[in-house]
Every structure is written in structure tokens, then in C-alpha cells.
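Quick look at upload-v9.tsv (TSV, N, CA and C atoms):
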```tsv
chain	number	residue	atom	x	y	z
A	1	MET	N	-8.06	-13.74	6.49
A	1	MET	CA	-7.66	-12.39	6.12
A	1	MET	C	-6.79	-11.83	7.24
A	2	HIS	N	-5.80	-11.04	6.86
A	2	HIS	CA	-4.99	-10.31	7.83
A	2	HIS	C	-4.50	-9.02	7.19
A	3	ILE	N	-4.06	-8.10	8.02
A	3	ILE	CA	-3.51	-6.85	7.50
A	3	ILE	C	-2.19	-7.16	6.83
A	4	ASP	N	-2.03	-6.67	5.63
A	4	ASP	CA	-0.85	-6.94	4.82
A	4	ASP	C	0.26	-5.91	5.07
A	5	HIS	N	-0.09	-4.63	5.02
A	5	HIS	CA	0.91	-3.58	5.24
A	5	HIS	C	0.22	-2.25	5.55
A	6	THR	N	1.00	-1.31	6.04
A	6	THR	CA	0.54	0.06	6.23
A	6	THR	C	1.46	0.97	5.44
A	7	THR	N	0.88	1.96	4.78
A	7	THR	CA	1.66	2.92	4.01
A	7	THR	C	1.66	4.25	4.74
A	8	ILE	N	2.86	4.80	4.92
A	8	ILE	CA	3.06	6.09	5.58
A	8	ILE	C	3.34	7.13	4.50
A	9	ARG	N	2.57	8.20	4.48
A	9	ARG	CA	2.76	9.30	3.54
A	9	ARG	C	3.47	10.42	4.31
A	10	THR	N	4.62	10.86	3.81
A	10	THR	CA	5.41	11.84	4.54
A	10	THR	C	6.17	12.77	3.59
A	11	LYS	N	6.50	13.95	4.08
A	11	LYS	CA	7.32	14.89	3.31
A	11	LYS	C	8.80	14.52	3.38
A	12	ASP	N	9.20	13.71	4.36
A	12	ASP	CA	10.61	13.35	4.53
A	12	ASP	C	10.75	11.83	4.57
A	13	ILE	N	10.85	11.23	3.38
A	13	ILE	CA	10.90	9.78	3.31
A	13	ILE	C	12.18	9.21	3.92
A	14	GLU	N	13.26	9.98	3.86
A	14	GLU	CA	14.52	9.49	4.44
A	14	GLU	C	14.41	9.41	5.96
A	15	ALA	N	13.86	10.44	6.59
A	15	ALA	CA	13.70	10.42	8.05
A	15	ALA	C	12.76	9.30	8.48
A	16	ALA	N	11.67	9.10	7.72
A	16	ALA	CA	10.73	8.02	8.05
A	16	ALA	C	11.41	6.67	7.91
A	17	LYS	N	12.16	6.49	6.82
A	17	LYS	CA	12.87	5.22	6.63
A	17	LYS	C	13.84	4.98	7.78
A	18	ASN	N	14.60	6.01	8.13
A	18	ASN	CA	15.57	5.86	9.22
A	18	ASN	C	14.90	5.54	10.54
A	19	PHE	N	13.76	6.16	10.81
A	19	PHE	CA	13.02	5.89	12.04
A	19	PHE	C	12.60	4.43	12.11
A	20	PHE	N	11.94	3.94	11.07
A	20	PHE	CA	11.44	2.56	11.10
A	20	PHE	C	12.56	1.53	11.08
A	21	THR	N	13.63	1.82	10.36
A	21	THR	CA	14.73	0.85	10.33
A	21	THR	C	15.49	0.84	11.65
A	22	THR	N	15.58	1.99	12.30
A	22	THR	CA	16.28	2.06	13.57
A	22	THR	C	15.43	1.57	14.73
A	23	VAL	N	14.22	2.06	14.84
A	23	VAL	CA	13.38	1.75	16.00
A	23	VAL	C	12.83	0.33	15.92
A	24	PHE	N	12.41	-0.11	14.75
A	24	PHE	CA	11.76	-1.42	14.62
A	24	PHE	C	12.63	-2.46	13.93
A	25	ASP	N	13.87	-2.11	13.60
A	25	ASP	CA	14.80	-3.03	12.95
A	25	ASP	C	14.28	-3.58	11.62
A	26	LEU	N	13.48	-2.77	10.93
A	26	LEU	CA	13.02	-3.17	9.61
A	26	LEU	C	14.16	-2.96	8.61
A	27	LYS	N	14.12	-3.68	7.52
A	27	LYS	CA	15.16	-3.60	6.50
A	27	LYS	C	14.57	-3.12	5.19
A	28	GLU	N	15.29	-2.21	4.53
A	28	GLU	CA	14.85	-1.75	3.22
A	28	GLU	C	14.92	-2.90	2.23
A	29	GLY	N	13.89	-3.02	1.39
A	29	GLY	CA	13.86	-4.11	0.42
A	29	GLY	C	13.31	-3.68	-0.91
A	30	LYS	N	13.25	-4.63	-1.81
A	30	LYS	CA	12.82	-4.39	-3.19
A	30	LYS	C	11.34	-4.01	-3.26
A	31	ARG	N	11.06	-3.10	-4.21
A	31	ARG	CA	9.69	-2.73	-4.55
A	31	ARG	C	9.43	-3.19	-5.99
A	32	PRO	N	8.17	-3.48	-6.32
A	32	PRO	CA	7.86	-3.86	-7.70
A	32	PRO	C	8.26	-2.75	-8.68
A	33	ASP	N	8.67	-3.16	-9.86
A	33	ASP	CA	9.19	-2.21	-10.85
A	33	ASP	C	8.24	-1.05	-11.13
A	34	VAL	N	6.95	-1.33	-11.32
A	34	VAL	CA	5.99	-0.27	-11.67
A	34	VAL	C	5.89	0.77	-10.54
A	35	ILE	N	5.99	0.32	-9.30
A	35	ILE	CA	5.94	1.24	-8.16
A	35	ILE	C	7.26	2.00	-8.05
A	36	GLU	N	8.36	1.29	-8.19
A	36	GLU	CA	9.69	1.90	-8.10
A	36	GLU	C	9.84	3.04	-9.10
A	37	LYS	N	9.29	2.86	-10.29
A	37	LYS	CA	9.42	3.85	-11.35
A	37	LYS	C	8.50	5.05	-11.18
A	38	SER	N	7.41	4.90	-10.43
A	38	SER	CA	6.40	5.97	-10.42
A	38	SER	C	6.15	6.62	-9.07
A	39	ILE	N	6.58	5.99	-7.97
A	39	ILE	CA	6.26	6.53	-6.65
A	39	ILE	C	7.52	6.57	-5.80
A	40	PRO	N	8.01	7.77	-5.44
A	40	PRO	CA	9.19	7.85	-4.57
A	40	PRO	C	8.89	7.23	-3.20
A	41	GLY	N	9.81	6.43	-2.71
A	41	GLY	CA	9.62	5.86	-1.38
A	41	GLY	C	10.39	4.59	-1.15
A	42	TYR	N	9.96	3.86	-0.13
A	42	TYR	CA	10.63	2.63	0.30
A	42	TYR	C	9.61	1.60	0.74
A	43	TRP	N	10.00	0.34	0.62
A	43	TRP	CA	9.30	-0.75	1.29
A	43	TRP	C	10.24	-1.27	2.36
A	44	LEU	N	9.75	-1.37	3.59
A	44	LEU	CA	10.55	-1.86	4.71
A	44	LEU	C	10.03	-3.22	5.14
A	45	TYR	N	10.95	-4.14	5.30
A	45	TYR	CA	10.60	-5.54	5.53
A	45	TYR	C	10.87	-5.97	6.96
A	46	ALA	N	9.99	-6.84	7.47
A	46	ALA	CA	10.23	-7.62	8.68
A	46	ALA	C	10.35	-9.06	8.18
A	47	ASP	N	11.49	-9.66	8.40
A	47	ASP	CA	11.78	-10.96	7.80
A	47	ASP	C	11.65	-10.83	6.29
A	48	ASP	N	10.77	-11.56	5.66
A	48	ASP	CA	10.63	-11.48	4.20
A	48	ASP	C	9.34	-10.79	3.77
A	49	LYS	N	8.71	-10.05	4.68
A	49	LYS	CA	7.42	-9.40	4.39
A	49	LYS	C	7.57	-7.87	4.40
A	50	PRO	N	7.13	-7.19	3.32
A	50	PRO	CA	7.19	-5.73	3.28
A	50	PRO	C	5.99	-5.13	4.04
A	51	ILE	N	6.18	-4.84	5.32
A	51	ILE	CA	5.04	-4.46	6.16
A	51	ILE	C	4.83	-2.96	6.30
A	52	VAL	N	5.85	-2.15	6.04
A	52	VAL	CA	5.70	-0.69	6.06
A	52	VAL	C	6.16	-0.15	4.72
A	53	HIS	N	5.25	0.56	4.05
A	53	HIS	CA	5.58	1.24	2.80
A	53	HIS	C	5.62	2.73	3.11
A	54	ILE	N	6.65	3.39	2.63
A	54	ILE	CA	6.79	4.84	2.84
A	54	ILE	C	6.74	5.51	1.48
A	55	ILE	N	5.86	6.52	1.36
A	55	ILE	CA	5.74	7.24	0.09
A	55	ILE	C	5.83	8.74	0.36
A	56	LEU	N	6.25	9.47	-0.66
A	56	LEU	CA	6.39	10.92	-0.58
A	56	LEU	C	5.02	11.58	-0.60
A	57	ALA	N	4.78	12.48	0.34
A	57	ALA	CA	3.53	13.25	0.36
A	57	ALA	C	3.56	14.23	-0.80
A	58	ALA	N	2.64	14.06	-1.72
A	58	ALA	CA	2.57	14.92	-2.90
A	58	ALA	C	1.78	16.18	-2.58
A	59	PRO	N	2.01	17.27	-3.33
A	59	PRO	CA	1.27	18.52	-3.07
A	59	PRO	C	-0.24	18.35	-3.06
A	60	ARG	N	-0.79	17.37	-3.79
A	60	ARG	CA	-2.24	17.19	-3.81
A	60	ARG	C	-2.78	16.80	-2.45
A	61	PHE	N	-1.90	16.33	-1.53
A	61	PHE	CA	-2.34	15.96	-0.19
A	61	PHE	C	-2.23	17.12	0.79
A	62	GLN	N	-1.66	18.24	0.36
A	62	GLN	CA	-1.47	19.38	1.26
A	62	GLN	C	-2.82	20.02	1.59
A	63	LEU	N	-3.08	20.19	2.85
A	63	LEU	CA	-4.29	20.85	3.30
A	63	LEU	C	-3.91	22.11	4.06
A	64	GLN	N	-4.88	22.83	4.59
A	64	GLN	CA	-4.61	24.05	5.33
A	64	GLN	C	-3.59	23.80	6.43
A	65	ASN	N	-2.57	24.65	6.53
A	65	ASN	CA	-1.50	24.55	7.52
A	65	ASN	C	-0.80	23.20	7.48
A	66	ASN	N	-0.77	22.55	6.30
A	66	ASN	CA	-0.14	21.24	6.11
A	66	ASN	C	-0.81	20.13	6.91
A	67	ALA	N	-1.93	20.40	7.53
A	67	ALA	CA	-2.64	19.35	8.27
A	67	ALA	C	-3.02	18.25	7.29
A	68	GLY	N	-2.72	17.04	7.63
A	68	GLY	CA	-3.08	15.91	6.80
A	68	GLY	C	-2.09	15.59	5.70
A	69	SER	N	-1.04	16.41	5.52
A	69	SER	CA	-0.09	16.11	4.46
A	69	SER	C	0.75	14.89	4.82
A	70	GLU	N	0.91	14.62	6.10
A	70	GLU	CA	1.61	13.43	6.54
A	70	GLU	C	0.63	12.57	7.32
A	71	ALA	N	0.52	11.33	6.91
A	71	ALA	CA	-0.50	10.48	7.51
A	71	ALA	C	-0.25	9.03	7.14
A	72	ILE	N	-1.00	8.15	7.79
A	72	ILE	CA	-1.07	6.79	7.29
A	72	ILE	C	-1.94	6.87	6.06
A	73	ASP	N	-1.41	6.46	4.94
A	73	ASP	CA	-2.09	6.62	3.67
A	73	ASP	C	-3.21	5.59	3.49
A	74	HIS	N	-2.91	4.33	3.78
A	74	HIS	CA	-3.92	3.28	3.65
A	74	HIS	C	-3.48	2.03	4.38
A	75	THR	N	-4.43	1.14	4.58
A	75	THR	CA	-4.15	-0.18	5.13
A	75	THR	C	-4.56	-1.21	4.09
A	76	ALA	N	-3.76	-2.25	3.98
A	76	ALA	CA	-4.04	-3.31	3.01
A	76	ALA	C	-4.35	-4.61	3.73
A	77	PHE	N	-5.28	-5.36	3.16
A	77	PHE	CA	-5.67	-6.65	3.71
A	77	PHE	C	-5.25	-7.74	2.74
A	78	TYR	N	-4.55	-8.75	3.25
A	78	TYR	CA	-4.21	-9.91	2.44
A	78	TYR	C	-5.44	-10.80	2.38
A	79	MET	N	-5.84	-11.18	1.17
A	79	MET	CA	-7.07	-11.96	1.00
A	79	MET	C	-6.87	-13.03	-0.05
A	80	ASN	N	-7.84	-13.91	-0.16
A	80	ASN	CA	-7.89	-14.92	-1.21
A	80	ASN	C	-9.15	-14.68	-2.03
A	81	GLY	N	-9.10	-15.09	-3.31
A	81	GLY	CA	-10.29	-15.01	-4.15
A	81	GLY	C	-10.44	-13.68	-4.88
A	82	PHE	N	-9.45	-13.30	-5.67
A	82	PHE	CA	-9.45	-12.04	-6.40
A	82	PHE	C	-10.73	-11.85	-7.22
A	83	GLU	N	-11.06	-12.82	-8.08
A	83	GLU	CA	-12.22	-12.68	-8.96
A	83	GLU	C	-13.52	-12.62	-8.16
A	84	ASN	N	-13.63	-13.44	-7.12
A	84	ASN	CA	-14.84	-13.42	-6.29
A	84	ASN	C	-15.01	-12.07	-5.60
A	85	PHE	N	-13.90	-11.50	-5.12
A	85	PHE	CA	-13.99	-10.21	-4.44
A	85	PHE	C	-14.38	-9.11	-5.43
A	86	LYS	N	-13.78	-9.13	-6.63
A	86	LYS	CA	-14.18	-8.16	-7.66
A	86	LYS	C	-15.66	-8.28	-7.97
A	87	SER	N	-16.14	-9.51	-8.10
A	87	SER	CA	-17.57	-9.72	-8.39
A	87	SER	C	-18.45	-9.18	-7.27
A	88	LYS	N	-18.02	-9.38	-6.06
A	88	LYS	CA	-18.79	-8.87	-4.92
A	88	LYS	C	-18.85	-7.35	-4.96
A	89	LEU	N	-17.72	-6.69	-5.22
A	89	LEU	CA	-17.71	-5.23	-5.31
A	89	LEU	C	-18.61	-4.75	-6.45
A	90	ASP	N	-18.58	-5.47	-7.56
A	90	ASP	CA	-19.46	-5.12	-8.68
A	90	ASP	C	-20.93	-5.24	-8.27
A	91	ARG	N	-21.28	-6.32	-7.59
A	91	ARG	CA	-22.66	-6.52	-7.14
A	91	ARG	C	-23.10	-5.41	-6.18
A	92	LEU	N	-22.17	-4.96	-5.35
A	92	LEU	CA	-22.48	-3.92	-4.38
A	92	LEU	C	-22.36	-2.51	-4.95
A	93	ALA	N	-21.97	-2.42	-6.22
A	93	ALA	CA	-21.77	-1.14	-6.91
A	93	ALA	C	-20.75	-0.26	-6.18
A	94	ILE	N	-19.67	-0.89	-5.74
A	94	ILE	CA	-18.57	-0.17	-5.09
A	94	ILE	C	-17.47	0.04	-6.11
A	95	PHE	N	-17.12	1.30	-6.34
A	95	PHE	CA	-16.06	1.63	-7.30
A	95	PHE	C	-14.73	1.13	-6.77
A	96	TYR	N	-13.90	0.61	-7.67
A	96	TYR	CA	-12.56	0.15	-7.30
A	96	TYR	C	-11.64	0.25	-8.51
A	97	THR	N	-10.36	0.20	-8.25
A	97	THR	CA	-9.36	0.10	-9.30
A	97	THR	C	-8.46	-1.09	-8.99
A	98	THR	N	-7.80	-1.60	-10.02
A	98	THR	CA	-6.92	-2.75	-9.82
A	98	THR	C	-5.50	-2.41	-10.26
A	99	MET	N	-4.58	-3.21	-9.76
A	99	MET	CA	-3.18	-3.11	-10.14
A	99	MET	C	-2.63	-4.52	-10.19
A	100	GLU	N	-1.89	-4.85	-11.25
A	100	GLU	CA	-1.25	-6.15	-11.34
A	100	GLU	C	0.26	-5.95	-11.29
A	101	LEU	N	0.91	-6.64	-10.37
A	101	LEU	CA	2.36	-6.57	-10.21
A	101	LEU	C	2.93	-7.92	-10.60
A	102	LYS	N	3.17	-8.09	-11.89
A	102	LYS	CA	3.56	-9.39	-12.42
A	102	LYS	C	4.89	-9.89	-11.85
A	103	ASP	N	5.81	-8.96	-11.58
A	103	ASP	CA	7.13	-9.41	-11.11
A	103	ASP	C	7.10	-10.00	-9.70
A	104	ILE	N	6.02	-9.77	-8.95
A	104	ILE	CA	5.90	-10.41	-7.63
A	104	ILE	C	4.63	-11.26	-7.55
A	105	ASP	N	4.02	-11.55	-8.70
A	105	ASP	CA	2.82	-12.40	-8.79
A	105	ASP	C	1.74	-11.95	-7.81
A	106	GLU	N	1.37	-10.68	-7.95
A	106	GLU	CA	0.41	-10.09	-7.01
A	106	GLU	C	-0.60	-9.26	-7.78
A	107	LYS	N	-1.85	-9.29	-7.30
A	107	LYS	CA	-2.91	-8.42	-7.81
A	107	LYS	C	-3.46	-7.64	-6.64
A	108	ARG	N	-3.88	-6.40	-6.92
A	108	ARG	CA	-4.40	-5.54	-5.86
A	108	ARG	C	-5.69	-4.88	-6.32
A	109	ILE	N	-6.56	-4.66	-5.34
A	109	ILE	CA	-7.79	-3.92	-5.57
A	109	ILE	C	-7.81	-2.76	-4.58
A	110	PHE	N	-8.05	-1.56	-5.08
A	110	PHE	CA	-8.13	-0.36	-4.24
A	110	PHE	C	-9.57	0.11	-4.21
A	111	LEU	N	-10.05	0.45	-3.02
A	111	LEU	CA	-11.41	0.95	-2.85
A	111	LEU	C	-11.43	1.91	-1.67
A	112	HIS	N	-12.51	2.65	-1.53
A	112	HIS	CA	-12.66	3.61	-0.43
A	112	HIS	C	-13.87	3.25	0.43
A	113	THR	N	-13.74	3.54	1.72
A	113	THR	CA	-14.89	3.41	2.61
A	113	THR	C	-15.87	4.54	2.27
A	114	PRO	N	-17.09	4.51	2.79
A	114	PRO	CA	-18.03	5.60	2.52
A	114	PRO	C	-17.50	6.97	2.95
A	115	SER	N	-16.65	7.02	3.97
A	115	SER	CA	-16.10	8.31	4.40
A	115	SER	C	-14.82	8.68	3.66
A	116	GLY	N	-14.38	7.84	2.74
A	116	GLY	CA	-13.24	8.19	1.90
A	116	GLY	C	-11.92	7.57	2.27
A	117	ILE	N	-11.87	6.71	3.27
A	117	ILE	CA	-10.61	6.07	3.66
A	117	ILE	C	-10.21	5.06	2.60
A	118	LEU	N	-8.96	5.13	2.16
A	118	LEU	CA	-8.45	4.22	1.15
A	118	LEU	C	-8.10	2.87	1.77
A	119	LEU	N	-8.59	1.81	1.14
A	119	LEU	CA	-8.27	0.44	1.53
A	119	LEU	C	-7.73	-0.30	0.31
A	120	GLU	N	-6.94	-1.33	0.59
A	120	GLU	CA	-6.36	-2.13	-0.47
A	120	GLU	C	-6.53	-3.60	-0.12
A	121	ALA	N	-6.89	-4.40	-1.10
A	121	ALA	CA	-6.95	-5.85	-0.93
A	121	ALA	C	-5.83	-6.44	-1.79
A	122	VAL	N	-5.01	-7.29	-1.18
A	122	VAL	CA	-3.84	-7.86	-1.82
A	122	VAL	C	-4.08	-9.36	-2.04
A	123	PHE	N	-3.82	-9.81	-3.26
A	123	PHE	CA	-4.00	-11.22	-3.63
A	123	PHE	C	-2.71	-11.72	-4.25
A	124	ARG	N	-2.20	-12.83	-3.76
A	124	ARG	CA	-0.95	-13.39	-4.30
A	124	ARG	C	-1.20	-14.75	-4.91
A	125	ASN	N	-0.41	-15.04	-5.96
A	125	ASN	CA	-0.41	-16.36	-6.58
A	125	ASN	C	-1.78	-16.79	-7.05
A	126	GLU	N	-2.53	-15.88	-7.65
A	126	GLU	CA	-3.87	-16.23	-8.15
A	126	GLU	C	-3.91	-16.07	-9.64
```
Can you turn what I pasted into C-alpha cells?
Amino acid sequence: MHIDHTTIRTKDIEAAKNFFTTVFDLKEGKRPDVIEKSIPGYWLYADDKPIVHIILAAPRFQLQNNAGSEAIDHTAFYMNGFENFKSKLDRLAIFYTTMELKDIDEKRIFLHTPSGILLEAVFRNE
């Protein structure tokens, strides 16, 4: 297992994109169609891996004095064994949702820690 990517939630996706592409030499790349159509933002690549995802901070994330409206949204772990992991979450009675990205042959499972931190498990070619 390893960390797959980090998602940055921000009110200014252009400034965030420019920062990461300038400071870290990341390159803007393709996003899966379902994400491209529904979530404003960018995927930034190091070599051929999309390691930083930038998404627009939606009003639902706005808190008092805008605290928390911009943040690291979640961390994703690259894993193997999609069905086994789902079964484990079911056995542990941990709520999760799934997403299938057929155009990049990827499946994802989203879950929260007990304190509410969003985590994602990424499975490819399964």
C-alpha cells in the first residue's frame, strides 16, 4: 500500500494549479470523464501519476470566518483486493461509497475515520 494522491480544496483553483505547476513542476493532465463533468478542478501529474488533485471549495464547506473552506480534502491509498476490502468494511460495519471510473480502469472506495476524516482507497486493473 502507498499514498496515491492528495486532494486540495480551494476557492481559487487557478492559483492552486499555478502554484503546484510552478513550484513542483507538476503538469496538468486528464481527469476521468465523470469527474471532469461534475467537479471543477485539475489533476496535476508527476511523470505519469496524478498525485495532486485540486477541487473547488463548495459553499457547503464554508465554516465560520471561512475557516476550513480551504484544506486538504482527503488522502487516497493505492491498494489491491477491491472485493476483499469491501468485505472487510462490511464485516466491520463501516459505511462506505464506491466509484467506478471505467475509462481509466479504476475503482474507488470512500470512507471516513471515526473523527470524520475522508479517506479513499484506489484499486486499478481489478
Counting all atoms listed in the file, I want the residues whose atoms come within 8 Å of (-9.6, 2.4, -1.7) in the file frame, returned as a VMD selection string.
chain A and resid 74 95 to 97 109 to 113 116 to 121
Quote the spacing between atom CA of A:Ile72 and atom CA of A:Ile55 in Å to one decimal place.
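So the answer is 9.9 Å.
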Sphere at (10.8, -2.5, -3.9), radius 9 Å, counting only C-alpha atoms: residues as a PyMOL selection string:
chain A and resi 28-33+35-36+41-44+50
Judged by only C-alpha atoms, the minimum distance to A:Glu126 among A:His53, A:Lys37, A:Arg108, A:His5 is found for A:Arg108
Using all atoms listed in the file, pick whichever of A:Lys27, A:Arg124, A:Arg9, A:Lys17 has the shortest atom-to-atom distance to A:Ile104.
A:Arg124
Just list as a ChimeraX atom specification whatever in chain A DSSP marks as strand (DSSP E).
/A:2-10,27-29,41-46,49-56,71-78,96-101,106-112,118-124
Okay, now the selection with N, CA and C atoms, as a short mmCIF file (atom, residue, chain, number, x, y, z; two decimals), in the frame of the given file?
```cif
data_model
loop_
_atom_site.label_atom_id
_atom_site.label_comp_id
_atom_site.auth_asym_id
_atom_site.auth_seq_id
_atom_site.Cartn_x
_atom_site.Cartn_y
_atom_site.Cartn_z
N HIS A 2 -5.80 -11.04 6.86
CA HIS A 2 -4.99 -10.31 7.83
C HIS A 2 -4.50 -9.02 7.19
N ILE A 3 -4.06 -8.10 8.02
CA ILE A 3 -3.51 -6.85 7.50
C ILE A 3 -2.19 -7.16 6.83
N ASP A 4 -2.03 -6.67 5.63
CA ASP A 4 -0.85 -6.94 4.82
C ASP A 4 0.26 -5.91 5.07
N HIS A 5 -0.09 -4.63 5.02
CA HIS A 5 0.91 -3.58 5.24
C HIS A 5 0.22 -2.25 5.55
N THR A 6 1.00 -1.31 6.04
CA THR A 6 0.54 0.06 6.23
C THR A 6 1.46 0.97 5.44
N THR A 7 0.88 1.96 4.78
CA THR A 7 1.66 2.92 4.01
C THR A 7 1.66 4.25 4.74
N ILE A 8 2.86 4.80 4.92
CA ILE A 8 3.06 6.09 5.58
C ILE A 8 3.34 7.13 4.50
N ARG A 9 2.57 8.20 4.48
CA ARG A 9 2.76 9.30 3.54
C ARG A 9 3.47 10.42 4.31
N THR A 10 4.62 10.86 3.81
CA THR A 10 5.41 11.84 4.54
C THR A 10 6.17 12.77 3.59
N LYS A 27 14.12 -3.68 7.52
CA LYS A 27 15.16 -3.60 6.50
C LYS A 27 14.57 -3.12 5.19
N GLU A 28 15.29 -2.21 4.53
CA GLU A 28 14.85 -1.75 3.22
C GLU A 28 14.92 -2.90 2.23
N GLY A 29 13.89 -3.02 1.39
CA GLY A 29 13.86 -4.11 0.42
C GLY A 29 13.31 -3.68 -0.91
N GLY A 41 9.81 6.43 -2.71
CA GLY A 41 9.62 5.86 -1.38
C GLY A 41 10.39 4.59 -1.15
N TYR A 42 9.96 3.86 -0.13
CA TYR A 42 10.63 2.63 0.30
C TYR A 42 9.61 1.60 0.74
N TRP A 43 10.00 0.34 0.62
CA TRP A 43 9.30 -0.75 1.29
C TRP A 43 10.24 -1.27 2.36
N LEU A 44 9.75 -1.37 3.59
CA LEU A 44 10.55 -1.86 4.71
C LEU A 44 10.03 -3.22 5.14
N TYR A 45 10.95 -4.14 5.30
CA TYR A 45 10.60 -5.54 5.53
C TYR A 45 10.87 -5.97 6.96
N ALA A 46 9.99 -6.84 7.47
CA ALA A 46 10.23 -7.62 8.68
C ALA A 46 10.35 -9.06 8.18
N LYS A 49 8.71 -10.05 4.68
CA LYS A 49 7.42 -9.40 4.39
C LYS A 49 7.57 -7.87 4.40
N PRO A 50 7.13 -7.19 3.32
CA PRO A 50 7.19 -5.73 3.28
C PRO A 50 5.99 -5.13 4.04
N ILE A 51 6.18 -4.84 5.32
CA ILE A 51 5.04 -4.46 6.16
C ILE A 51 4.83 -2.96 6.30
N VAL A 52 5.85 -2.15 6.04
CA VAL A 52 5.70 -0.69 6.06
C VAL A 52 6.16 -0.15 4.72
N HIS A 53 5.25 0.56 4.05
CA HIS A 53 5.58 1.24 2.80
C HIS A 53 5.62 2.73 3.11
N ILE A 54 6.65 3.39 2.63
CA ILE A 54 6.79 4.84 2.84
C ILE A 54 6.74 5.51 1.48
N ILE A 55 5.86 6.52 1.36
CA ILE A 55 5.74 7.24 0.09
C ILE A 55 5.83 8.74 0.36
N LEU A 56 6.25 9.47 -0.66
CA LEU A 56 6.39 10.92 -0.58
C LEU A 56 5.02 11.58 -0.60
N ALA A 71 0.52 11.33 6.91
CA ALA A 71 -0.50 10.48 7.51
C ALA A 71 -0.25 9.03 7.14
N ILE A 72 -1.00 8.15 7.79
CA ILE A 72 -1.07 6.79 7.29
C ILE A 72 -1.94 6.87 6.06
N ASP A 73 -1.41 6.46 4.94
CA ASP A 73 -2.09 6.62 3.67
C ASP A 73 -3.21 5.59 3.49
N HIS A 74 -2.91 4.33 3.78
CA HIS A 74 -3.92 3.28 3.65
C HIS A 74 -3.48 2.03 4.38
N THR A 75 -4.43 1.14 4.58
CA THR A 75 -4.15 -0.18 5.13
C THR A 75 -4.56 -1.21 4.09
N ALA A 76 -3.76 -2.25 3.98
CA ALA A 76 -4.04 -3.31 3.01
C ALA A 76 -4.35 -4.61 3.73
N PHE A 77 -5.28 -5.36 3.16
CA PHE A 77 -5.67 -6.65 3.71
C PHE A 77 -5.25 -7.74 2.74
N TYR A 78 -4.55 -8.75 3.25
CA TYR A 78 -4.21 -9.91 2.44
C TYR A 78 -5.44 -10.80 2.38
N TYR A 96 -13.90 0.61 -7.67
CA TYR A 96 -12.56 0.15 -7.30
C TYR A 96 -11.64 0.25 -8.51
N THR A 97 -10.36 0.20 -8.25
CA THR A 97 -9.36 0.10 -9.30
C THR A 97 -8.46 -1.09 -8.99
N THR A 98 -7.80 -1.60 -10.02
CA THR A 98 -6.92 -2.75 -9.82
C THR A 98 -5.50 -2.41 -10.26
N MET A 99 -4.58 -3.21 -9.76
CA MET A 99 -3.18 -3.11 -10.14
C MET A 99 -2.63 -4.52 -10.19
N GLU A 100 -1.89 -4.85 -11.25
CA GLU A 100 -1.25 -6.15 -11.34
C GLU A 100 0.26 -5.95 -11.29
N LEU A 101 0.91 -6.64 -10.37
CA LEU A 101 2.36 -6.57 -10.21
C LEU A 101 2.93 -7.92 -10.60
N GLU A 106 1.37 -10.68 -7.95
CA GLU A 106 0.41 -10.09 -7.01
C GLU A 106 -0.60 -9.26 -7.78
N LYS A 107 -1.85 -9.29 -7.30
CA LYS A 107 -2.91 -8.42 -7.81
C LYS A 107 -3.46 -7.64 -6.64
N ARG A 108 -3.88 -6.40 -6.92
CA ARG A 108 -4.40 -5.54 -5.86
C ARG A 108 -5.69 -4.88 -6.32
N ILE A 109 -6.56 -4.66 -5.34
CA ILE A 109 -7.79 -3.92 -5.57
C ILE A 109 -7.81 -2.76 -4.58
N PHE A 110 -8.05 -1.56 -5.08
CA PHE A 110 -8.13 -0.36 -4.24
C PHE A 110 -9.57 0.11 -4.21
N LEU A 111 -10.05 0.45 -3.02
CA LEU A 111 -11.41 0.95 -2.85
C LEU A 111 -11.43 1.91 -1.67
N HIS A 112 -12.51 2.65 -1.53
CA HIS A 112 -12.66 3.61 -0.43
C HIS A 112 -13.87 3.25 0.43
N LEU A 118 -8.96 5.13 2.16
CA LEU A 118 -8.45 4.22 1.15
C LEU A 118 -8.10 2.87 1.77
N LEU A 119 -8.59 1.81 1.14
CA LEU A 119 -8.27 0.44 1.53
C LEU A 119 -7.73 -0.30 0.31
N GLU A 120 -6.94 -1.33 0.59
CA GLU A 120 -6.36 -2.13 -0.47
C GLU A 120 -6.53 -3.60 -0.12
N ALA A 121 -6.89 -4.40 -1.10
CA ALA A 121 -6.95 -5.85 -0.93
C ALA A 121 -5.83 -6.44 -1.79
N VAL A 122 -5.01 -7.29 -1.18
CA VAL A 122 -3.84 -7.86 -1.82
C VAL A 122 -4.08 -9.36 -2.04
N PHE A 123 -3.82 -9.81 -3.26
CA PHE A 123 -4.00 -11.22 -3.63
C PHE A 123 -2.71 -11.72 -4.25
N ARG A 124 -2.20 -12.83 -3.76
CA ARG A 124 -0.95 -13.39 -4.30
C ARG A 124 -1.20 -14.75 -4.91
#
```
Would you work out the distance separating atom C of A:Pro40 from atom CA of A:Ala57, expressed in Å to one decimal?
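Computing it gives 8.8 Å between the two atoms.
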Return as a VMD selection string the full set of residues in chain A whose backbone-based DSSP assignment is alpha helix (DSSP H).
chain A and resid 13 to 23 33 to 38 82 to 91
Report, in Å to a single decimal, how far apart atom N of A:Ser38 and atom CA of A:Phe123 are.
20.9 Å
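Take the candidates A:Ile94, A:Leu89, A:Ala76, A:Leu56 and check each one against A:Thr10 using only C-alpha atoms; the shortest distance goes to A:Leu56.
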Please determine, counting only N, CA and C atoms, which residue among A:Ile39, A:Leu101, A:Ile54, A:Met79 has the shortest atom-to-atom distance to A:Ile13.
A:Ile54
